[in-house]
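Asker: Take this structure first; my questions come after.
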Amino acid sequence: MSRLCLNCNEPVLGRTDKKFCTDFCRNIFNNRKNQCENLCIKETNKILKKNHSILTGIAAGKRKKIKKTELERMGFNFCFHTGIQTKKGKTQFVCYDKGFMFSGEDTVILSEMKSQNI
Ligand SMILES: [Zn+2]
């Protein structure tokens with residue numbers, strides 16, 4: 001059974017582990033793949049940065065509690081964080097040096113992370 005080039009779908013000749021018909025096709029394919037991966041990382045970093053800047057802004061105002069809906073209105077995305085830890089049986093989410101945990105239905109408690117916890 002002939003193998004097809006992952007880039008151009010032309011038959012691949014030669015070694016059985018060869019995936020591309022030419023070096024050109026291999027380069028095109030890998031560059032495209034890296035571009036997609038970089039874009040994905042960029043998008044995720046953008047969301048994390050935004051989350052962090054929102055938490056930093058609230059902390060600068062010395063607030064320790066905020067409504068979940070208020071955070072969402074600011075554009076906070078709860079699906080993205082940099083870590084999770086359990087503190088006194090409660091789950092705390094980490095966003096770099098900021099922490100947040102849910103309290104009740106609609107309240108979020110904010111905290112500063114100590115450097116060894118990041
Ligand atoms: Zn090819």
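Following the order of the structure tokens, chains are lettered A, B, ..., residues in each are numbered from 1, and ligands are numbered from 1.
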Given only C-alpha atoms and all ligand atoms, how would the per-residue table for chain A near ligand 1 read, listing every residue at most 10 Å away with its closest atom pair and distance in Å to one decimal, sorted by chain and number, as a Markdown table?
Answerer:
| residue | atom | partner | partner_atom_place_in_ligand_line | distance |
| --- | --- | --- | --- | --- |
| A:Leu4 | CA | ligand 1 | 1 (Zn) | 7.8 |
| A:Cys5 | CA | ligand 1 | 1 (Zn) | 4.6 |
| A:Leu6 | CA | ligand 1 | 1 (Zn) | 6.7 |
| A:Asn7 | CA | ligand 1 | 1 (Zn) | 5.0 |
| A:Cys8 | CA | ligand 1 | 1 (Zn) | 4.2 |
| A:Asn9 | CA | ligand 1 | 1 (Zn) | 6.1 |
| A:Glu10 | CA | ligand 1 | 1 (Zn) | 5.6 |
| A:Pro11 | CA | ligand 1 | 1 (Zn) | 7.8 |
| A:Val12 | CA | ligand 1 | 1 (Zn) | 7.5 |
| A:Lys19 | CA | ligand 1 | 1 (Zn) | 8.6 |
| A:Phe20 | CA | ligand 1 | 1 (Zn) | 5.2 |
| A:Cys21 | CA | ligand 1 | 1 (Zn) | 4.3 |
| A:Thr22 | CA | ligand 1 | 1 (Zn) | 5.7 |
| A:Asp23 | CA | ligand 1 | 1 (Zn) | 8.3 |
| A:Phe24 | CA | ligand 1 | 1 (Zn) | 7.5 |
| A:Cys25 | CA | ligand 1 | 1 (Zn) | 4.6 |
| A:Arg26 | CA | ligand 1 | 1 (Zn) | 7.3 |
| A:Asn27 | CA | ligand 1 | 1 (Zn) | 9.9 |
| A:Ile28 | CA | ligand 1 | 1 (Zn) | 9.1 |
| A:Phe29 | CA | ligand 1 | 1 (Zn) | 9.0 |
Asker: Would you output that residue set with C-alpha atoms, as a short mmCIF file (atom, residue, chain, number, x, y, z; two decimals), in the first residue's frame?
Answerer:
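Writing the result to out_18.cif gives the following:
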data_model
loop_
_atom_site.label_atom_id
_atom_site.label_comp_id
_atom_site.auth_asym_id
_atom_site.auth_seq_id
_atom_site.Cartn_x
_atom_site.Cartn_y
_atom_site.Cartn_z
CA LEU A 4 0.70 9.64 0.77
CA CYS A 5 2.61 12.83 1.56
CA LEU A 6 1.10 14.56 4.61
CA ASN A 7 1.45 17.89 2.81
CA CYS A 8 0.43 17.33 -0.80
CA ASN A 9 -1.12 13.83 -0.86
CA GLU A 10 1.30 12.63 -3.55
CA PRO A 11 2.69 9.09 -3.13
CA VAL A 12 5.75 8.90 -0.87
CA LYS A 19 5.96 10.97 5.69
CA PHE A 20 6.67 13.54 2.99
CA CYS A 21 7.48 13.29 -0.70
CA THR A 22 10.17 15.99 -0.51
CA ASP A 23 12.06 18.16 2.01
CA PHE A 24 10.06 21.07 0.62
CA CYS A 25 6.76 19.41 1.64
CA ARG A 26 8.18 18.47 5.07
CA ASN A 27 9.21 22.11 5.68
CA ILE A 28 5.88 23.51 4.52
CA PHE A 29 3.97 21.08 6.74
#
Asker: Can you tell me which residues surround Met113 of chain A at a distance of at most 12 Å, considering only C-alpha atoms, apart from same-chain residues fewer than 2 positions away, and format the answer as a count of residues only?
Answerer: 23
Asker: Which one of A:Thr107, A:Thr44, A:Thr91, A:Ser2 sits closest to Glu72 of chain A if you count only C-alpha atoms?
Answerer: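 Under the stated criterion, the closest residue is A:Thr107.
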Asker: So which one's closest to Lys49 of chain A, A:Lys68, A:Met101, A:Arg73, A:Phe80? Using only C-alpha atoms, please.
Answerer: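 When distances to Lys49 of chain A are compared using only C-alpha atoms, the smallest one comes from A:Phe80.
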Asker: Give me every strand (DSSP E or B) residue in chain A, going by DSSP on the backbone, as a PDB file with N, CA and C atoms, in the first residue's frame.
Answerer:
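Ended up saving to states31.pdb:
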ATOM      1  N   ARG A   3       2.030   5.062   0.621  1.00  0.00           N
ATOM      2  CA  ARG A   3       1.767   6.121   1.593  1.00  0.00           C
ATOM      3  C   ARG A   3       1.643   7.432   0.840  1.00  0.00           C
ATOM      4  N   LEU A   4       0.870   8.343   1.419  1.00  0.00           N
ATOM      5  CA  LEU A   4       0.698   9.642   0.772  1.00  0.00           C
ATOM      6  C   LEU A   4       1.361  10.734   1.603  1.00  0.00           C
ATOM      7  N   PRO A  11       2.082  10.304  -3.695  1.00  0.00           N
ATOM      8  CA  PRO A  11       2.694   9.092  -3.132  1.00  0.00           C
ATOM      9  C   PRO A  11       4.101   9.367  -2.595  1.00  0.00           C
ATOM     10  N   VAL A  12       4.429   8.739  -1.473  1.00  0.00           N
ATOM     11  CA  VAL A  12       5.755   8.896  -0.870  1.00  0.00           C
ATOM     12  C   VAL A  12       6.577   7.671  -1.221  1.00  0.00           C
ATOM     13  N   LYS A  65     -13.175  40.696  47.777  1.00  0.00           N
ATOM     14  CA  LYS A  65     -14.314  39.910  47.298  1.00  0.00           C
ATOM     15  C   LYS A  65     -14.918  40.618  46.109  1.00  0.00           C
ATOM     16  N   ILE A  66     -15.426  39.842  45.190  1.00  0.00           N
ATOM     17  CA  ILE A  66     -16.083  40.442  44.030  1.00  0.00           C
ATOM     18  C   ILE A  66     -17.135  39.455  43.513  1.00  0.00           C
ATOM     19  N   LYS A  67     -18.157  39.984  42.894  1.00  0.00           N
ATOM     20  CA  LYS A  67     -19.186  39.107  42.323  1.00  0.00           C
ATOM     21  C   LYS A  67     -18.620  38.437  41.065  1.00  0.00           C
ATOM     22  N   GLY A  83      -2.883  27.371  37.633  1.00  0.00           N
ATOM     23  CA  GLY A  83      -2.752  26.275  38.579  1.00  0.00           C
ATOM     24  C   GLY A  83      -3.970  26.142  39.474  1.00  0.00           C
ATOM     25  N   ILE A  84      -4.013  25.005  40.170  1.00  0.00           N
ATOM     26  CA  ILE A  84      -5.097  24.758  41.124  1.00  0.00           C
ATOM     27  C   ILE A  84      -4.462  24.218  42.392  1.00  0.00           C
ATOM     28  N   GLN A  85      -4.908  24.676  43.530  1.00  0.00           N
ATOM     29  CA  GLN A  85      -4.474  24.041  44.775  1.00  0.00           C
ATOM     30  C   GLN A  85      -5.623  23.987  45.758  1.00  0.00           C
ATOM     31  N   THR A  86      -5.505  23.050  46.679  1.00  0.00           N
ATOM     32  CA  THR A  86      -6.553  22.892  47.675  1.00  0.00           C
ATOM     33  C   THR A  86      -6.082  23.512  48.975  1.00  0.00           C
ATOM     34  N   LYS A  87      -6.922  24.396  49.502  1.00  0.00           N
ATOM     35  CA  LYS A  87      -6.582  25.104  50.731  1.00  0.00           C
ATOM     36  C   LYS A  87      -7.727  24.906  51.706  1.00  0.00           C
ATOM     37  N   LYS A  90     -10.839  23.660  50.255  1.00  0.00           N
ATOM     38  CA  LYS A  90     -11.446  24.443  49.177  1.00  0.00           C
ATOM     39  C   LYS A  90     -10.477  24.552  48.013  1.00  0.00           C
ATOM     40  N   THR A  91     -11.037  24.605  46.816  1.00  0.00           N
ATOM     41  CA  THR A  91     -10.199  24.688  45.631  1.00  0.00           C
ATOM     42  C   THR A  91      -9.864  26.144  45.341  1.00  0.00           C
ATOM     43  N   GLN A  92      -8.580  26.405  45.240  1.00  0.00           N
ATOM     44  CA  GLN A  92      -8.135  27.754  44.902  1.00  0.00           C
ATOM     45  C   GLN A  92      -7.498  27.711  43.511  1.00  0.00           C
ATOM     46  N   PHE A  93      -7.904  28.665  42.683  1.00  0.00           N
ATOM     47  CA  PHE A  93      -7.335  28.766  41.348  1.00  0.00           C
ATOM     48  C   PHE A  93      -6.242  29.817  41.365  1.00  0.00           C
ATOM     49  N   VAL A  94      -5.179  29.542  40.633  1.00  0.00           N
ATOM     50  CA  VAL A  94      -4.026  30.438  40.628  1.00  0.00           C
ATOM     51  C   VAL A  94      -3.872  31.056  39.242  1.00  0.00           C
ATOM     52  N   CYS A  95      -3.608  32.373  39.224  1.00  0.00           N
ATOM     53  CA  CYS A  95      -3.285  33.051  37.973  1.00  0.00           C
ATOM     54  C   CYS A  95      -1.990  33.827  38.246  1.00  0.00           C
ATOM     55  N   LYS A  98      -1.659  35.727  41.572  1.00  0.00           N
ATOM     56  CA  LYS A  98      -2.978  36.010  42.144  1.00  0.00           C
ATOM     57  C   LYS A  98      -3.744  34.699  42.315  1.00  0.00           C
ATOM     58  N   GLY A  99      -4.549  34.659  43.379  1.00  0.00           N
ATOM     59  CA  GLY A  99      -5.371  33.487  43.609  1.00  0.00           C
ATOM     60  C   GLY A  99      -6.829  33.892  43.697  1.00  0.00           C
ATOM     61  N   PHE A 100      -7.710  32.963  43.317  1.00  0.00           N
ATOM     62  CA  PHE A 100      -9.132  33.234  43.511  1.00  0.00           C
ATOM     63  C   PHE A 100      -9.873  31.943  43.806  1.00  0.00           C
ATOM     64  N   MET A 101     -10.901  32.040  44.629  1.00  0.00           N
ATOM     65  CA  MET A 101     -11.730  30.864  44.901  1.00  0.00           C
ATOM     66  C   MET A 101     -13.190  31.294  44.981  1.00  0.00           C
ATOM     67  N   PHE A 102     -14.052  30.331  44.693  1.00  0.00           N
ATOM     68  CA  PHE A 102     -15.480  30.620  44.700  1.00  0.00           C
ATOM     69  C   PHE A 102     -16.025  30.443  46.103  1.00  0.00           C
ATOM     70  N   SER A 103     -16.943  31.332  46.456  1.00  0.00           N
ATOM     71  CA  SER A 103     -17.605  31.244  47.741  1.00  0.00           C
ATOM     72  C   SER A 103     -19.092  31.428  47.489  1.00  0.00           C
ATOM     73  N   THR A 107     -19.941  34.633  44.541  1.00  0.00           N
ATOM     74  CA  THR A 107     -18.863  35.444  45.112  1.00  0.00           C
ATOM     75  C   THR A 107     -17.508  34.809  44.828  1.00  0.00           C
ATOM     76  N   VAL A 108     -16.543  35.645  44.507  1.00  0.00           N
ATOM     77  CA  VAL A 108     -15.176  35.186  44.280  1.00  0.00           C
ATOM     78  C   VAL A 108     -14.282  35.890  45.296  1.00  0.00           C
ATOM     79  N   ILE A 109     -13.494  35.101  46.009  1.00  0.00           N
ATOM     80  CA  ILE A 109     -12.573  35.658  47.005  1.00  0.00           C
ATOM     81  C   ILE A 109     -11.175  35.700  46.388  1.00  0.00           C
ATOM     82  N   LEU A 110     -10.569  36.867  46.462  1.00  0.00           N
ATOM     83  CA  LEU A 110      -9.254  37.054  45.841  1.00  0.00           C
ATOM     84  C   LEU A 110      -8.153  36.977  46.887  1.00  0.00           C
ATOM     85  N   SER A 111      -6.988  36.554  46.443  1.00  0.00           N
ATOM     86  CA  SER A 111      -5.846  36.520  47.362  1.00  0.00           C
ATOM     87  C   SER A 111      -4.545  36.683  46.589  1.00  0.00           C
ATOM     88  N   GLU A 112      -3.517  37.024  47.322  1.00  0.00           N
ATOM     89  CA  GLU A 112      -2.170  37.121  46.744  1.00  0.00           C
ATOM     90  C   GLU A 112      -1.486  35.782  46.998  1.00  0.00           C
TER      91      GLU A 112
END
Asker: Between A:Ala60, A:Cys36, A:Leu48, A:Ile54, which has the minimum distance to Cys79 of chain A (counting only C-alpha atoms)?
Answerer: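 The answer is A:Leu48, which sits nearest to Cys79 of chain A.
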Asker: Write out as a tab-separated table (two decimals) with N, CA and C atoms, in the first residue's frame all residues of segment 73-118 of chain A that DSSP puts in helix (DSSP H, G or I) for this structure's backbone.
Answerer:
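The resulting selection.tsv:
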chain	number	residue	atom	x	y	z
A	73	ARG	N	-18.17	40.40	33.54
A	73	ARG	CA	-18.44	41.64	32.80
A	73	ARG	C	-17.15	42.35	32.41
A	115	SER	N	5.27	33.55	46.75
A	115	SER	CA	6.08	33.11	45.61
A	115	SER	C	6.31	31.60	45.56
A	116	GLN	N	6.42	30.92	46.72
A	116	GLN	CA	6.68	29.48	46.67
A	116	GLN	C	5.46	28.68	46.21
A	117	ASN	N	4.29	29.34	46.18
A	117	ASN	CA	3.08	28.63	45.74
A	117	ASN	C	2.80	28.77	44.26
Asker: What gap, in Å, lies between atom CA of Lys88 of chain A and atom CA of Thr69 of chain A?
Answerer: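 Spanning atom CA of Lys88 of chain A to atom CA of Thr69 of chain A is a straight-line distance of 25.1 Å.
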Asker: So how many Å separate atom CA of Asn51 of chain A and atom CA of Glu37 of chain A, to one decimal?
Answerer: 21.3 Å
Asker: Which is closer to Phe76 of chain A than all the others in A:Gly89, A:Arg32, A:Lys64, A:Ile47, using only C-alpha atoms?
Answerer: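 For Phe76 of chain A, the nearest of the candidates is A:Ile47.
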Asker: Measure the distance from atom CA of Gly104 of chain A to atom CA of Arg63 of chain A in Å and round it to one decimal.
Answerer: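 Interatomic distance here is 17.5 Å.
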